[in-house]
Amino acid sequence: MKLFISSLIAAGLSAVSAQTATLTARWQLEEPSVTYDSSANTFAFGYTTASVSNDQMRVAMYDINCAADGTNTYTAYPIPSSSYTASTPSVSSGYPTWDLSLAVQLLANDVNIYKVIDGSESYVDDGTSGVVAADVGSGLMSMCARFDIGYLESNGDFKSVNFIETLIRIKYDLTAGFDVAGFSVAPKERVTTTAARDQYELTAYVCQPGTTGADGFPIPAVDGSSEENAFRQGALVSVCVRPDTTALDDGITVASITDYTWKREAPVVIEQPAVVGSEDSLNSLTVHGCAGTYCTIESILFAEFYASTGSVTGTGNAQLAFSRRQLSADGQERRLEEEDAVSTFDVSVGVQAGAEGPGALKTASGASMGVIFASFIALASAALLA
């Protein structure tokens, strides 16, 4: 009888153990796998250990302090729903998954989410955040993604059973460079090539600053590769620098040109400073300025550049910034602190000897404009750090 009773108890304990294991597995939730697509500003979350039985799941976004900081002294800051798009969680992959897309410009204007790393932060070089001293000066977005699993109560309210709060940090290296390639000196245009570094690009091109296209930017000048269209001595060389479509969509602007120098290497080295310390060179041969999202550099080159056919290059630095949509007290658009982020750029143009005197620039129009855009390098090394 004792043996029989012991067997019944053992069987009962075994059944309870199995039910406990099933219950535990049903509501299990561990840290997710996270992948990041920088081109689309999209994260993919996968909770591979969670049960496929989850049919009630919720997603919410907060600042880096999350919703539950464990101290009961912090007031949670929910990120406005307009600043991100979270897909409806699904178990179609055999476990819960969801995607997060960011509205970068809106988040960059949120002081609770975005800042420029100045080195005073406690998490710099702490070995876990992924932020190191070399990141000082970079932009940093810090967020917390909360994923809840639970059920609906009889009144229809969602009841959370388990949740995971995952820290997200995205570093923005706001540097970019551009190249203006091969224009001949005589009377017409020159232009440029395009190169990308990562997520954002600027486009620099020989342009007509006094004209505006349908996109709101100065119209490119015609191809200046032929002798009849080349710049001649005394001609004004105008270069426009603007963000590409992706950068514009995220609210990136060219804040300023910090320095720029024209140079010819052969037959002798000739240099002509154009922008020095963010100001026009004292040689009075360049004027430059920025108008909202783009900048222009307009120079007349030394006559020495035109002594023979050859190539002229230019090197310099530019600053990028996220534009602020909200206005300051005086009604002016405010820029973010990362305006100090500097980007290098290079320019290469061809010069050709010819009759002296400035040539009239032609504007490009229709399908015949034949423009090669100046290369402009990019911005944004964005890294996910859990």
# chains A, B, ... in the order shown; residues from 1 in each chain; ligands from 1
call {"tool": "select_by_dssp", "arguments": {"residues": "range 82-191 of chain A", "states": "helix (DSSP H, G or I)", "output": "list in words"}}
result
Ser82, Ser83, Val104, Gln105, Leu106, Leu107, Ala108, Ala133, Ala134 and Asp135 of chain A
call {"tool": "select_by_dssp", "arguments": {"residues": "range 23-227 of chain A", "states": "strand (DSSP E)", "output": "ChimeraX atom specification"}}
result
/A:33-37,42-46,57-63,84-86,97-102,114-116,139-152,158-172,178-179,200-208,219-220
call {"tool": "closest_residue", "arguments": {"among": "A:Ser311, A:Asn65, A:Thr293, A:Thr88", "to": "Glu165 in chain A", "atoms": "only C-alpha atoms"}}
result
A:Asn65
call {"tool": "residues_around", "arguments": {"residues": "Met61 in chain A", "least_positions_apart": "2", "cutoff": "10 Å", "atoms": "only C-alpha atoms", "output": "ChimeraX atom specification"}}
result
/A:59,63-64,66-67,77-81,83-86,100,143-147,165-166
call {"tool": "closest_residue", "arguments": {"among": "A:Glu304, A:Asp110, A:Glu298, A:Asp215", "to": "Leu236 in chain A", "atoms": "only C-alpha atoms"}}
result
A:Glu298
call {"tool": "residues_around", "arguments": {"residues": "range 250-260 of chain A", "least_positions_apart": "2", "cutoff": "7 Å", "atoms": "only C-alpha atoms", "output": "compact mmCIF listing (two decimals) with N, CA and C atoms, in the first residue's frame"}}
result
# COMPACT_ATOMS: atom_id res chain seq x y z
N VAL A 104 14.12 59.69 -38.25
CA VAL A 104 15.39 60.18 -37.73
C VAL A 104 15.35 61.67 -37.38
N GLN A 105 14.80 62.49 -38.26
CA GLN A 105 14.83 63.92 -37.99
C GLN A 105 14.04 64.27 -36.74
N ARG A 242 25.16 70.09 -51.75
CA ARG A 242 23.82 69.84 -51.19
C ARG A 242 23.70 68.39 -50.73
N PRO A 243 22.79 68.10 -49.80
CA PRO A 243 22.56 66.71 -49.40
C PRO A 243 21.84 65.96 -50.52
N THR A 246 18.29 60.94 -49.74
CA THR A 246 18.20 60.23 -48.46
C THR A 246 18.52 61.15 -47.30
N ALA A 247 19.58 61.93 -47.44
CA ALA A 247 19.96 62.85 -46.37
C ALA A 247 18.90 63.92 -46.17
N LEU A 248 18.32 64.43 -47.27
CA LEU A 248 17.27 65.44 -47.15
C LEU A 248 16.07 64.90 -46.41
N TRP A 262 42.03 75.66 -53.44
CA TRP A 262 42.32 75.19 -54.79
C TRP A 262 43.82 74.94 -54.91
N PRO A 273 43.95 79.70 -51.45
CA PRO A 273 42.93 79.51 -50.40
C PRO A 273 41.64 80.20 -50.82
N ALA A 274 40.53 79.48 -50.59
CA ALA A 274 39.22 80.03 -50.93
C ALA A 274 38.38 80.32 -49.69
N VAL A 275 38.36 79.37 -48.75
CA VAL A 275 37.65 79.55 -47.49
C VAL A 275 38.62 79.20 -46.36
N VAL A 276 38.76 80.11 -45.42
CA VAL A 276 39.69 79.92 -44.30
C VAL A 276 38.95 80.23 -43.00
N GLY A 277 38.94 79.26 -42.09
CA GLY A 277 38.25 79.48 -40.82
C GLY A 277 36.79 79.85 -40.98
N SER A 278 36.13 79.20 -41.94
CA SER A 278 34.71 79.43 -42.25
C SER A 278 34.43 80.80 -42.86
N CYS A 290 25.89 79.67 -47.27
CA CYS A 290 24.97 78.54 -47.16
C CYS A 290 23.55 79.08 -47.08
N THR A 293 19.69 74.38 -46.89
CA THR A 293 20.21 73.02 -46.95
C THR A 293 21.49 72.88 -47.76
N TYR A 294 21.90 73.90 -48.50
CA TYR A 294 23.08 73.75 -49.35
C TYR A 294 24.01 74.96 -49.21
N CYS A 295 25.24 74.79 -49.74
CA CYS A 295 26.23 75.86 -49.71
C CYS A 295 26.79 76.07 -51.11
N GLY A 314 40.91 70.58 -55.38
CA GLY A 314 40.54 71.37 -54.22
C GLY A 314 40.29 70.47 -53.04
N THR A 315 40.70 70.89 -51.87
CA THR A 315 40.43 70.13 -50.65
C THR A 315 39.85 71.06 -49.61
N GLY A 316 39.03 70.50 -48.75
CA GLY A 316 38.43 71.33 -47.72
C GLY A 316 37.61 70.52 -46.75
N ASN A 317 36.86 71.19 -45.93
CA ASN A 317 36.02 70.56 -44.93
C ASN A 317 34.67 71.25 -44.88
N ALA A 318 33.64 70.44 -44.57
CA ALA A 318 32.28 70.96 -44.43
C ALA A 318 31.69 70.46 -43.12
N GLN A 319 30.64 71.11 -42.67
CA GLN A 319 29.94 70.70 -41.47
C GLN A 319 28.50 70.32 -41.84
N LEU A 320 28.04 69.23 -41.25
CA LEU A 320 26.66 68.79 -41.45
C LEU A 320 25.87 68.96 -40.16
N ALA A 321 24.56 69.02 -40.28
CA ALA A 321 23.72 69.14 -39.09
C ALA A 321 22.33 68.61 -39.40
N PHE A 322 21.64 68.17 -38.36
CA PHE A 322 20.21 67.91 -38.46
C PHE A 322 19.50 69.25 -38.32
N SER A 323 18.61 69.56 -39.23
CA SER A 323 17.86 70.80 -39.11
C SER A 323 16.76 70.64 -38.08
N GLU A 339 26.62 70.37 -35.15
CA GLU A 339 27.06 71.22 -36.22
C GLU A 339 28.58 71.29 -36.25
call {"tool": "residues_around", "arguments": {"residues": "Ala44 in chain A", "least_positions_apart": "3", "cutoff": "6 Å", "atoms": "only C-alpha atoms", "output": "MDAnalysis selection string"}}
result
chainID A and resid 34:35 99
call {"tool": "write_last_selection", "arguments": {"atoms": "C-alpha atoms", "output": "PDB file, in the first residue's frame"}}
result
ATOM      1  CA  VAL A  34      18.403  42.377 -33.120  1.00  0.00           C
ATOM      2  CA  THR A  35      19.536  43.309 -36.611  1.00  0.00           C
ATOM      3  CA  ASP A  99      10.195  45.630 -36.806  1.00  0.00           C
TER       4      ASP A  99
END
call {"tool": "closest_residue", "arguments": {"among": "A:Gly289, A:Gln19, A:Lys115, A:Tyr62", "to": "Thr75 in chain A", "atoms": "only C-alpha atoms"}}
result
A:Tyr62
call {"tool": "residues_around", "arguments": {"residues": "range 91-96 of chain A", "least_positions_apart": "4", "cutoff": "12 Å", "atoms": "only C-alpha atoms", "output": "VMD selection string"}}
result
chain A and resid 26 to 33 44 to 59 87 147 to 149
call {"tool": "write_last_selection", "arguments": {"atoms": "N, CA and C atoms", "output": "tab-separated table (two decimals), in the first residue's frame"}}
result
chain	number	residue	atom	x	y	z
A	26	ARG	N	5.55	28.68	-21.82
A	26	ARG	CA	4.52	29.51	-22.43
A	26	ARG	C	4.82	30.99	-22.25
A	27	TRP	N	5.35	31.36	-21.10
A	27	TRP	CA	5.57	32.77	-20.82
A	27	TRP	C	7.05	33.15	-20.77
A	28	GLN	N	7.89	32.31	-21.29
A	28	GLN	CA	9.32	32.60	-21.30
A	28	GLN	C	9.61	33.74	-22.27
A	29	LEU	N	10.53	34.61	-21.86
A	29	LEU	CA	10.92	35.73	-22.71
A	29	LEU	C	12.35	36.13	-22.37
A	30	GLU	N	13.25	35.95	-23.32
A	30	GLU	CA	14.66	36.29	-23.12
A	30	GLU	C	15.05	37.42	-24.06
A	31	GLU	N	16.27	37.93	-23.90
A	31	GLU	CA	16.74	39.01	-24.76
A	31	GLU	C	16.64	38.61	-26.23
A	32	PRO	N	16.22	39.53	-27.08
A	32	PRO	CA	16.01	39.19	-28.49
A	32	PRO	C	17.29	39.25	-29.31
A	33	SER	N	17.22	38.66	-30.48
A	33	SER	CA	18.22	38.94	-31.50
A	33	SER	C	17.78	40.23	-32.20
A	44	ALA	N	15.12	44.91	-36.66
A	44	ALA	CA	14.30	43.70	-36.64
A	44	ALA	C	14.57	42.97	-35.34
A	45	PHE	N	13.52	42.74	-34.55
A	45	PHE	CA	13.63	42.06	-33.26
A	45	PHE	C	13.07	40.65	-33.39
A	46	GLY	N	13.78	39.68	-32.82
A	46	GLY	CA	13.31	38.30	-32.81
A	46	GLY	C	13.51	37.67	-31.45
A	47	TYR	N	12.43	37.19	-30.84
A	47	TYR	CA	12.47	36.60	-29.49
A	47	TYR	C	12.42	35.09	-29.66
A	48	THR	N	13.57	34.51	-29.95
A	48	THR	CA	13.65	33.12	-30.41
A	48	THR	C	13.26	32.10	-29.35
A	49	THR	N	13.33	32.46	-28.07
A	49	THR	CA	13.00	31.51	-27.01
A	49	THR	C	11.54	31.61	-26.57
A	50	ALA	N	10.81	32.58	-27.11
A	50	ALA	CA	9.43	32.79	-26.69
A	50	ALA	C	8.48	31.85	-27.41
A	51	SER	N	7.36	31.58	-26.78
A	51	SER	CA	6.39	30.61	-27.29
A	51	SER	C	5.63	31.14	-28.50
A	52	VAL	N	5.35	30.23	-29.43
A	52	VAL	CA	4.54	30.57	-30.59
A	52	VAL	C	3.08	30.76	-30.19
A	53	SER	N	2.74	30.39	-28.95
A	53	SER	CA	1.36	30.54	-28.46
A	53	SER	C	1.00	31.98	-28.12
A	54	ASN	N	1.98	32.87	-28.12
A	54	ASN	CA	1.69	34.27	-27.78
A	54	ASN	C	0.80	34.90	-28.85
A	55	ASP	N	-0.39	35.29	-28.45
A	55	ASP	CA	-1.30	35.95	-29.39
A	55	ASP	C	-1.65	37.37	-28.95
A	56	GLN	N	-1.13	37.78	-27.79
A	56	GLN	CA	-1.32	39.14	-27.32
A	56	GLN	C	0.05	39.71	-26.96
A	57	MET	N	0.53	40.63	-27.79
A	57	MET	CA	1.86	41.21	-27.60
A	57	MET	C	1.77	42.71	-27.81
A	58	ARG	N	2.58	43.45	-27.11
A	58	ARG	CA	2.59	44.90	-27.22
A	58	ARG	C	4.02	45.41	-27.32
A	59	VAL	N	4.16	46.55	-28.04
A	59	VAL	CA	5.46	47.19	-28.21
A	59	VAL	C	5.32	48.66	-27.79
A	87	SER	N	5.96	47.63	-36.21
A	87	SER	CA	5.04	46.69	-36.84
A	87	SER	C	4.27	45.91	-35.77
A	147	PHE	N	9.05	45.23	-25.03
A	147	PHE	CA	8.20	44.22	-25.66
A	147	PHE	C	7.51	43.42	-24.56
A	148	ASP	N	6.18	43.45	-24.55
A	148	ASP	CA	5.38	42.75	-23.55
A	148	ASP	C	4.62	41.58	-24.18
A	149	ILE	N	4.53	40.48	-23.45
A	149	ILE	CA	3.61	39.41	-23.81
A	149	ILE	C	2.59	39.30	-22.68
call {"tool": "atom_distance", "arguments": {"atom1": "CA of Glu265 in chain A", "atom2": "CA of Val312 in chain A"}}
result
7.5 Å
call {"tool": "closest_residue", "arguments": {"among": "A:Thr296, A:Thr20, A:Ser160, A:Thr313", "to": "Asp179 in chain A", "atoms": "only C-alpha atoms"}}
result
A:Thr313
call {"tool": "atom_distance", "arguments": {"atom1": "CA of Val116 in chain A", "atom2": "CA of Ser138 in chain A"}}
result
5.7 Å
